[in-house]
file model-v4.pdb (PDB, C-alpha atoms)
ATOM      1  CA  MET A 720     176.050 -44.239 105.712
ATOM      2  CA  PRO A 721     177.326 -46.894 103.260
ATOM      3  CA  VAL A 722     177.322 -50.535 104.297
ATOM      4  CA  GLU A 723     180.858 -51.899 104.366
ATOM      5  CA  THR A 724     181.417 -55.009 102.269
ATOM      6  CA  LYS A 725     182.429 -58.013 104.354
ATOM      7  CA  ILE A 726     185.594 -59.871 103.561
ATOM      8  CA  LEU A 727     184.691 -62.850 101.373
ATOM      9  CA  ILE A 728     186.623 -66.077 101.735
ATOM     10  CA  TYR A 729     186.294 -68.855  99.178
ATOM     11  CA  VAL A 730     187.175 -72.253 100.654
ATOM     12  CA  VAL A 731     187.952 -75.182  98.357
ATOM     13  CA  ASP A 732     188.741 -78.448 100.132
ATOM     14  CA  ASP A 733     187.612 -82.011  99.499
ATOM     15  CA  ASP A 734     187.518 -82.768 103.246
ATOM     16  CA  ALA A 735     184.106 -81.919 104.741
ATOM     17  CA  SER A 736     185.517 -81.590 108.269
ATOM     18  CA  VAL A 737     188.050 -79.001 107.081
ATOM     19  CA  ARG A 738     185.360 -77.065 105.193
ATOM     20  CA  ASN A 739     183.118 -77.063 108.274
ATOM     21  CA  ALA A 740     185.890 -76.021 110.674
ATOM     22  CA  LEU A 741     187.050 -73.203 108.380
ATOM     23  CA  THR A 742     183.486 -72.001 107.888
ATOM     24  CA  MET A 743     182.914 -71.778 111.643
ATOM     25  CA  LEU A 744     186.238 -69.995 112.212
ATOM     26  CA  LEU A 745     185.813 -67.478 109.404
ATOM     27  CA  MET A 746     182.197 -66.695 110.233
ATOM     28  CA  SER A 747     183.195 -66.136 113.874
ATOM     29  CA  ALA A 748     185.684 -63.557 112.533
ATOM     30  CA  ASP A 749     182.774 -61.812 110.745
ATOM     31  CA  MET A 750     183.771 -62.914 107.268
ATOM     32  CA  GLU A 751     181.479 -64.150 104.521
ATOM     33  CA  VAL A 752     182.317 -67.713 103.463
ATOM     34  CA  LYS A 753     181.556 -69.654 100.299
ATOM     35  CA  ILE A 754     182.582 -73.295 100.390
ATOM     36  CA  PHE A 755     183.276 -75.712  97.561
ATOM     37  CA  GLU A 756     184.173 -79.396  97.615
ATOM     38  CA  GLU A 757     186.016 -79.264  94.294
ATOM     39  CA  ALA A 758     187.871 -76.602  92.338
ATOM     40  CA  GLU A 759     185.571 -77.196  89.368
ATOM     41  CA  ASP A 760     182.631 -76.008  91.491
ATOM     42  CA  LEU A 761     184.345 -72.696  92.266
ATOM     43  CA  LEU A 762     185.178 -72.144  88.607
ATOM     44  CA  LYS A 763     181.455 -72.241  87.756
ATOM     45  CA  HIS A 764     180.797 -69.148  89.890
ATOM     46  CA  ASN A 765     181.390 -65.448  89.412
ATOM     47  CA  ILE A 766     184.367 -64.779  91.638
ATOM     48  CA  ARG A 767     184.544 -61.484  93.472
ATOM     49  CA  GLU A 768     188.067 -60.102  93.614
ATOM     50  CA  GLU A 769     187.639 -57.085  95.880
ATOM     51  CA  LYS A 770     188.057 -57.817  99.610
ATOM     52  CA  ALA A 771     188.214 -61.530  98.809
ATOM     53  CA  CYS A 772     190.643 -64.366  99.356
ATOM     54  CA  LEU A 773     190.816 -68.036  98.364
ATOM     55  CA  ILE A 774     191.823 -70.781 100.767
ATOM     56  CA  THR A 775     192.419 -74.076  98.995
ATOM     57  CA  ASP A 776     193.859 -77.479  99.617
ATOM     58  CA  ILE A 777     196.760 -78.352  97.342
ATOM     59  CA  LYS A 778     195.952 -82.005  96.629
ATOM     60  CA  MET A 779     192.326 -82.695  95.772
ATOM     61  CA  LYS A 780     190.481 -84.989  93.420
ATOM     62  CA  GLY A 781     190.086 -83.338  90.040
ATOM     63  CA  ILE A 782     191.834 -79.989  89.745
ATOM     64  CA  SER A 783     194.609 -79.391  92.303
ATOM     65  CA  GLY A 784     194.980 -76.141  94.182
ATOM     66  CA  LEU A 785     197.955 -75.147  92.038
ATOM     67  CA  ASP A 786     196.034 -75.921  88.838
ATOM     68  CA  LEU A 787     193.127 -73.886  90.199
ATOM     69  CA  GLN A 788     195.411 -70.878  90.646
ATOM     70  CA  GLN A 789     196.589 -71.243  87.044
ATOM     71  CA  LYS A 790     193.010 -71.439  85.738
ATOM     72  CA  LEU A 791     192.050 -68.316  87.693
ATOM     73  CA  ALA A 792     195.064 -66.479  86.295
ATOM     74  CA  GLU A 793     194.128 -67.556  82.746
ATOM     75  CA  ARG A 794     190.715 -65.942  83.331
ATOM     76  CA  GLY A 795     192.342 -62.740  84.586
ATOM     77  CA  ILE A 796     191.063 -63.275  88.145
ATOM     78  CA  LYS A 797     193.430 -61.740  90.686
ATOM     79  CA  ILE A 798     192.739 -62.948  94.192
ATOM     80  CA  PRO A 799     195.151 -63.814  97.004
ATOM     81  CA  ILE A 800     195.449 -67.563  97.500
ATOM     82  CA  ILE A 801     196.345 -69.313 100.728
ATOM     83  CA  TYR A 802     197.237 -72.978 100.407
ATOM     84  CA  LEU A 803     196.600 -75.610 103.052
ATOM     85  CA  THR A 804     198.143 -79.072 102.989
ATOM     86  CA  VAL A 805     199.007 -82.146 104.980
ATOM     87  CA  PHE A 806     201.509 -83.107 102.267
ATOM     88  CA  ASP A 807     204.300 -80.682 103.140
ATOM     89  CA  SER A 808     207.541 -81.005 101.179
ATOM     90  CA  ASN A 809     210.303 -78.798  99.840
ATOM     91  CA  GLU A 810     209.017 -79.423  96.304
ATOM     92  CA  ILE A 811     205.471 -78.300  97.156
ATOM     93  CA  ARG A 812     206.752 -75.250  99.051
ATOM     94  CA  GLN A 813     208.823 -74.289  96.007
ATOM     95  CA  GLN A 814     205.858 -74.728  93.628
ATOM     96  CA  VAL A 815     203.604 -72.628  95.863
ATOM     97  CA  LYS A 816     206.227 -69.907  96.147
ATOM     98  CA  GLN A 817     206.763 -69.819  92.366
ATOM     99  CA  ALA A 818     202.990 -69.634  91.853
ATOM    100  CA  GLY A 819     202.895 -66.462  93.948
ATOM    101  CA  ALA A 820     200.832 -67.776  96.831
ATOM    102  CA  ALA A 821     199.805 -65.329  99.532
ATOM    103  CA  GLY A 822     200.234 -68.024 102.168
ATOM    104  CA  TYR A 823     201.048 -71.662 102.814
ATOM    105  CA  LEU A 824     199.984 -73.437 105.997
ATOM    106  CA  ARG A 825     200.145 -77.032 107.164
ATOM    107  CA  LYS A 826     197.056 -78.837 108.409
ATOM    108  CA  PRO A 827     195.886 -78.833 111.078
ATOM    109  CA  VAL A 828     195.929 -75.060 110.769
ATOM    110  CA  ASP A 829     196.367 -72.776 113.752
ATOM    111  CA  ASP A 830     193.271 -70.544 113.778
ATOM    112  CA  GLN A 831     195.110 -67.319 114.603
ATOM    113  CA  ALA A 832     197.854 -68.016 112.068
ATOM    114  CA  LEU A 833     195.220 -68.426 109.358
ATOM    115  CA  LEU A 834     193.355 -65.243 110.329
ATOM    116  CA  ASP A 835     196.644 -63.320 110.397
ATOM    117  CA  THR A 836     197.597 -64.734 106.980
ATOM    118  CA  ILE A 837     194.238 -63.642 105.540
ATOM    119  CA  LYS A 838     194.675 -60.112 106.880
ATOM    120  CA  TRP A 839     198.212 -59.914 105.533
ATOM    121  CA  ALA A 840     197.154 -61.303 102.138
ATOM    122  CA  LEU A 841     194.331 -58.805 101.763
ATOM    123  CA  SER A 842     196.485 -55.868 102.838
ATOM    124  CA  SER A 843     199.223 -56.701 100.336
ATOM    125  CA  TYR A 844     197.001 -57.319  97.309
TER     126      TYR A 844
END
call {"tool": "encode", "arguments": {"input": "model-v4.pdb", "output": "structure tokens"}}
result
Amino acid sequence: MPVETKILIYVVDDDASVRNALTMLLMSADMEVKIFEEAEDLLKHNIREEKACLITDIKMKGISGLDLQQKLAERGIKIPIIYLTVFDSNEIRQQVKQAGAAGYLRKPVDDQALLDTIKWALSSY
């Protein structure tokens, strides 16, 4: 009987408390989690695309979440991206929508809303 691959969630956020909270939530939902403080750190890794999703902050030191999505696309990496932010605005919502984001949630994030967004993102990719 084959072992089913767990859903893999990449988390990129410069706030340690957010990374820790998301890790605990996602692991409790039986997902594998890889956390990164900066987008540059994620870009140094081999990124799995199958049964995987990226959750990233929009505004971070270094590469922003939107720039990260562009760099992944330039590398041919297709993975659903869910953006988190405390800096909500019409302009940011428009940029995220144009970038083709799988989701956009304001911090603090409702746990169930995030889990539902992940499931929806993975089912539609």
call {"tool": "closest_residue", "arguments": {"input": "model-v4.pdb", "among": "A:Gly784, A:Leu744, A:Arg738, A:Lys778", "to": "A:Asp807", "atoms": "only C-alpha atoms"}}
result
A:Lys778
call {"tool": "closest_residue", "arguments": {"input": "model-v4.pdb", "among": "A:Ile754, A:Ile798, A:Ala840, A:Ala821", "to": "A:Asp734", "atoms": "all atoms listed in the file"}}
result
A:Ile754
call {"tool": "atom_distance", "arguments": {"input": "model-v4.pdb", "atom1": "atom CA of A:Glu757", "atom2": "atom CA of A:Ala735"}}
result
10.9 Å
call {"tool": "closest_residue", "arguments": {"input": "model-v4.pdb", "among": "A:Thr724, A:Gln813, A:Gln788, A:Ser808", "to": "A:Thr775", "atoms": "only C-alpha atoms"}}
result
A:Gln788
call {"tool": "resolve_selection", "arguments": {"input": "model-v4.pdb", "expression": "the PyMOL selection byres ((chain A and resi 823) around 6)", "output": "PDB file with C-alpha atoms, in the coordinates of the input"}}
result
ATOM      1  CA  ILE A 801     196.345 -69.313 100.728  1.00  0.00           C
ATOM      2  CA  TYR A 802     197.237 -72.978 100.407  1.00  0.00           C
ATOM      3  CA  LEU A 803     196.600 -75.610 103.052  1.00  0.00           C
ATOM      4  CA  GLY A 822     200.234 -68.024 102.168  1.00  0.00           C
ATOM      5  CA  LEU A 824     199.984 -73.437 105.997  1.00  0.00           C
TER       6      LEU A 824
END
call {"tool": "closest_residue", "arguments": {"input": "model-v4.pdb", "among": "A:Ala771, A:Met743, A:Val828, A:Ile766", "to": "A:Lys725", "atoms": "only C-alpha atoms"}}
result
A:Ala771
call {"tool": "atom_distance", "arguments": {"input": "model-v4.pdb", "atom1": "atom CA of A:Asp786", "atom2": "atom CA of A:Lys816"}}
result
13.9 Å
call {"tool": "axis_aligned_box", "arguments": {"input": "model-v4.pdb", "around": "stretch 753-765 of chain A", "padding_each_side": "4 Å", "output": "lines of an AutoDock Vina configuration file"}}
result
center_x = 184.3
center_y = -72.4
center_z = 94.1
size_x = 15.1
size_y = 21.9
size_z = 20.6
call {"tool": "closest_residue", "arguments": {"input": "model-v4.pdb", "among": "A:Asp829, A:Glu810, A:Glu751, A:Glu756", "to": "A:Gly781", "atoms": "all atoms listed in the file"}}
result
A:Glu756
call {"tool": "closest_residue", "arguments": {"input": "model-v4.pdb", "among": "A:Asp760, A:Leu834, A:Arg812, A:Arg794", "to": "A:Met746", "atoms": "all atoms listed in the file"}}
result
A:Leu834
call {"tool": "atom_distance", "arguments": {"input": "model-v4.pdb", "atom1": "atom CA of A:Leu841", "atom2": "atom CA of A:Val731"}}
result
17.9 Å
call {"tool": "residues_around", "arguments": {"input": "model-v4.pdb", "residues": "A:Lys838", "least_positions_apart": "6", "cutoff": "10 Å", "atoms": "only C-alpha atoms", "output": "list in words"}}
result
Ile726, Cys772 and Ala832 of chain A
call {"tool": "resolve_selection", "arguments": {"input": "model-v4.pdb", "expression": "the PyMOL selection byres ((chain A and resi 752) around 7)", "output": "list in words"}}
result
Leu727, Ile728, Tyr729, Thr742, Leu745, Met746, Met750, Glu751, Lys753 and Ile754 of chain A
call {"tool": "residues_around", "arguments": {"input": "model-v4.pdb", "residues": "A:Ile811", "least_positions_apart": "6", "cutoff": "10 Å", "atoms": "all atoms listed in the file", "output": "number ranges by chain"}}
result
A: 777, 785, 804, 817, 823
call {"tool": "residues_around", "arguments": {"input": "model-v4.pdb", "residues": "A:Leu787", "least_positions_apart": "6", "cutoff": "9 Å", "atoms": "all atoms listed in the file", "output": "PDB file with C-alpha atoms, in the coordinates of the input"}}
result
ATOM      1  CA  ALA A 758     187.871 -76.602  92.338  1.00  0.00           C
ATOM      2  CA  GLU A 759     185.571 -77.196  89.368  1.00  0.00           C
ATOM      3  CA  LEU A 762     185.178 -72.144  88.607  1.00  0.00           C
ATOM      4  CA  THR A 775     192.419 -74.076  98.995  1.00  0.00           C
TER       5      THR A 775
END
call {"tool": "decode", "arguments": {"input": "model-v4.pdb", "residues": "stretch 784-833 of chain A", "atoms": "N, CA and C atoms", "output": "tab-separated table (two decimals), in the first residue's frame"}}
result
chain	number	residue	atom	x	y	z
A	784	GLY	N	6.57	39.56	-0.78
A	784	GLY	CA	5.80	38.39	-1.20
A	784	GLY	C	5.44	38.43	-2.68
A	785	LEU	N	5.08	39.61	-3.18
A	785	LEU	CA	4.74	39.73	-4.60
A	785	LEU	C	5.97	39.52	-5.48
A	786	ASP	N	7.12	40.03	-5.05
A	786	ASP	CA	8.35	39.80	-5.81
A	786	ASP	C	8.74	38.32	-5.78
A	787	LEU	N	8.49	37.68	-4.65
A	787	LEU	CA	8.76	36.25	-4.53
A	787	LEU	C	7.94	35.47	-5.55
A	788	GLN	N	6.66	35.80	-5.68
A	788	GLN	CA	5.81	35.12	-6.65
A	788	GLN	C	6.37	35.31	-8.06
A	789	GLN	N	6.84	36.49	-8.38
A	789	GLN	CA	7.40	36.75	-9.71
A	789	GLN	C	8.67	35.93	-9.93
A	790	LYS	N	9.51	35.83	-8.92
A	790	LYS	CA	10.75	35.06	-9.05
A	790	LYS	C	10.45	33.56	-9.23
A	791	LEU	N	9.45	33.07	-8.52
A	791	LEU	CA	9.05	31.67	-8.70
A	791	LEU	C	8.54	31.43	-10.11
A	792	ALA	N	7.73	32.35	-10.60
A	792	ALA	CA	7.19	32.23	-11.96
A	792	ALA	C	8.31	32.25	-12.99
A	793	GLU	N	9.32	33.10	-12.78
A	793	GLU	CA	10.45	33.18	-13.71
A	793	GLU	C	11.21	31.84	-13.75
A	794	ARG	N	11.18	31.10	-12.66
A	794	ARG	CA	11.85	29.80	-12.59
A	794	ARG	C	10.94	28.66	-13.06
A	795	GLY	N	9.71	29.01	-13.44
A	795	GLY	CA	8.78	27.99	-13.91
A	795	GLY	C	8.13	27.20	-12.79
A	796	ILE	N	8.20	27.71	-11.57
A	796	ILE	CA	7.62	27.02	-10.41
A	796	ILE	C	6.17	27.45	-10.27
A	797	LYS	N	5.28	26.46	-10.35
A	797	LYS	CA	3.83	26.72	-10.26
A	797	LYS	C	3.34	26.14	-8.95
A	798	ILE	N	3.01	27.04	-8.04
A	798	ILE	CA	2.55	26.64	-6.71
A	798	ILE	C	1.52	27.67	-6.26
A	799	PRO	N	0.41	27.24	-5.68
A	799	PRO	CA	-0.57	28.22	-5.20
A	799	PRO	C	0.03	29.06	-4.08
A	800	ILE	N	-0.26	30.35	-4.11
A	800	ILE	CA	0.28	31.27	-3.11
A	800	ILE	C	-0.87	31.97	-2.39
A	801	ILE	N	-0.77	31.91	-1.07
A	801	ILE	CA	-1.73	32.59	-0.20
A	801	ILE	C	-0.96	33.71	0.50
A	802	TYR	N	-1.46	34.92	0.36
A	802	TYR	CA	-0.81	36.07	0.98
A	802	TYR	C	-1.47	36.42	2.30
A	803	LEU	N	-0.62	36.80	3.26
A	803	LEU	CA	-1.08	37.30	4.55
A	803	LEU	C	-0.54	38.72	4.71
A	804	THR	N	-1.33	39.59	5.33
A	804	THR	CA	-0.84	40.96	5.54
A	804	THR	C	-1.58	41.65	6.67
A	805	VAL	N	-0.90	42.61	7.27
A	805	VAL	CA	-1.57	43.53	8.18
A	805	VAL	C	-1.80	44.85	7.46
A	806	PHE	N	-1.17	45.01	6.30
A	806	PHE	CA	-1.24	46.25	5.52
A	806	PHE	C	-2.27	46.13	4.41
A	807	ASP	N	-3.53	45.98	4.77
A	807	ASP	CA	-4.59	45.80	3.79
A	807	ASP	C	-4.92	47.13	3.13
A	808	SER	N	-5.05	47.11	1.81
A	808	SER	CA	-5.47	48.30	1.06
A	808	SER	C	-6.04	47.84	-0.27
A	809	ASN	N	-6.79	48.73	-0.90
A	809	ASN	CA	-7.33	48.41	-2.22
A	809	ASN	C	-6.20	48.16	-3.22
A	810	GLU	N	-5.13	48.94	-3.12
A	810	GLU	CA	-4.00	48.79	-4.04
A	810	GLU	C	-3.35	47.41	-3.88
A	811	ILE	N	-3.12	46.99	-2.65
A	811	ILE	CA	-2.50	45.68	-2.42
A	811	ILE	C	-3.43	44.57	-2.88
A	812	ARG	N	-4.73	44.69	-2.58
A	812	ARG	CA	-5.68	43.67	-3.03
A	812	ARG	C	-5.67	43.55	-4.55
A	813	GLN	N	-5.58	44.68	-5.24
A	813	GLN	CA	-5.54	44.67	-6.70
A	813	GLN	C	-4.27	44.01	-7.21
A	814	GLN	N	-3.13	44.32	-6.59
A	814	GLN	CA	-1.85	43.72	-7.01
A	814	GLN	C	-1.87	42.20	-6.81
A	815	VAL	N	-2.40	41.77	-5.68
A	815	VAL	CA	-2.47	40.34	-5.38
A	815	VAL	C	-3.37	39.63	-6.37
A	816	LYS	N	-4.49	40.25	-6.67
A	816	LYS	CA	-5.44	39.66	-7.63
A	816	LYS	C	-4.79	39.55	-9.01
A	817	GLN	N	-4.12	40.61	-9.46
A	817	GLN	CA	-3.46	40.59	-10.77
A	817	GLN	C	-2.34	39.56	-10.81
A	818	ALA	N	-1.70	39.31	-9.68
A	818	ALA	CA	-0.61	38.34	-9.62
A	818	ALA	C	-1.13	36.90	-9.66
A	819	GLY	N	-2.43	36.73	-9.49
A	819	GLY	CA	-3.01	35.39	-9.55
A	819	GLY	C	-2.93	34.63	-8.24
A	820	ALA	N	-3.00	35.35	-7.15
A	820	ALA	CA	-2.93	34.70	-5.83
A	820	ALA	C	-4.08	33.72	-5.63
A	821	ALA	N	-3.77	32.66	-4.90
A	821	ALA	CA	-4.81	31.68	-4.55
A	821	ALA	C	-5.63	32.15	-3.36
A	822	GLY	N	-5.07	33.08	-2.59
A	822	GLY	CA	-5.78	33.58	-1.42
A	822	GLY	C	-5.12	34.82	-0.87
A	823	TYR	N	-5.89	35.57	-0.09
A	823	TYR	CA	-5.42	36.82	0.51
A	823	TYR	C	-6.16	36.98	1.83
A	824	LEU	N	-5.43	36.95	2.92
A	824	LEU	CA	-6.05	37.02	4.25
A	824	LEU	C	-5.35	38.08	5.09
A	825	ARG	N	-6.14	38.75	5.91
A	825	ARG	CA	-5.58	39.75	6.83
A	825	ARG	C	-5.15	39.09	8.13
A	826	LYS	N	-4.06	39.59	8.67
A	826	LYS	CA	-3.59	39.15	9.99
A	826	LYS	C	-4.33	39.95	11.05
A	827	PRO	N	-4.65	39.39	12.17
A	827	PRO	CA	-4.46	37.98	12.51
A	827	PRO	C	-5.42	37.10	11.72
A	828	VAL	N	-4.92	35.97	11.29
A	828	VAL	CA	-5.66	35.08	10.40
A	828	VAL	C	-6.55	34.14	11.22
A	829	ASP	N	-7.77	33.97	10.76
A	829	ASP	CA	-8.67	32.98	11.35
A	829	ASP	C	-8.18	31.60	10.92
A	830	ASP	N	-7.93	30.72	11.89
A	830	ASP	CA	-7.37	29.40	11.61
A	830	ASP	C	-8.18	28.64	10.57
A	831	GLN	N	-9.49	28.56	10.77
A	831	GLN	CA	-10.32	27.77	9.85
A	831	GLN	C	-10.36	28.39	8.47
A	832	ALA	N	-10.37	29.72	8.40
A	832	ALA	CA	-10.36	30.39	7.09
A	832	ALA	C	-9.08	30.05	6.34
A	833	LEU	N	-7.96	30.00	7.03
A	833	LEU	CA	-6.70	29.67	6.38
A	833	LEU	C	-6.70	28.22	5.91
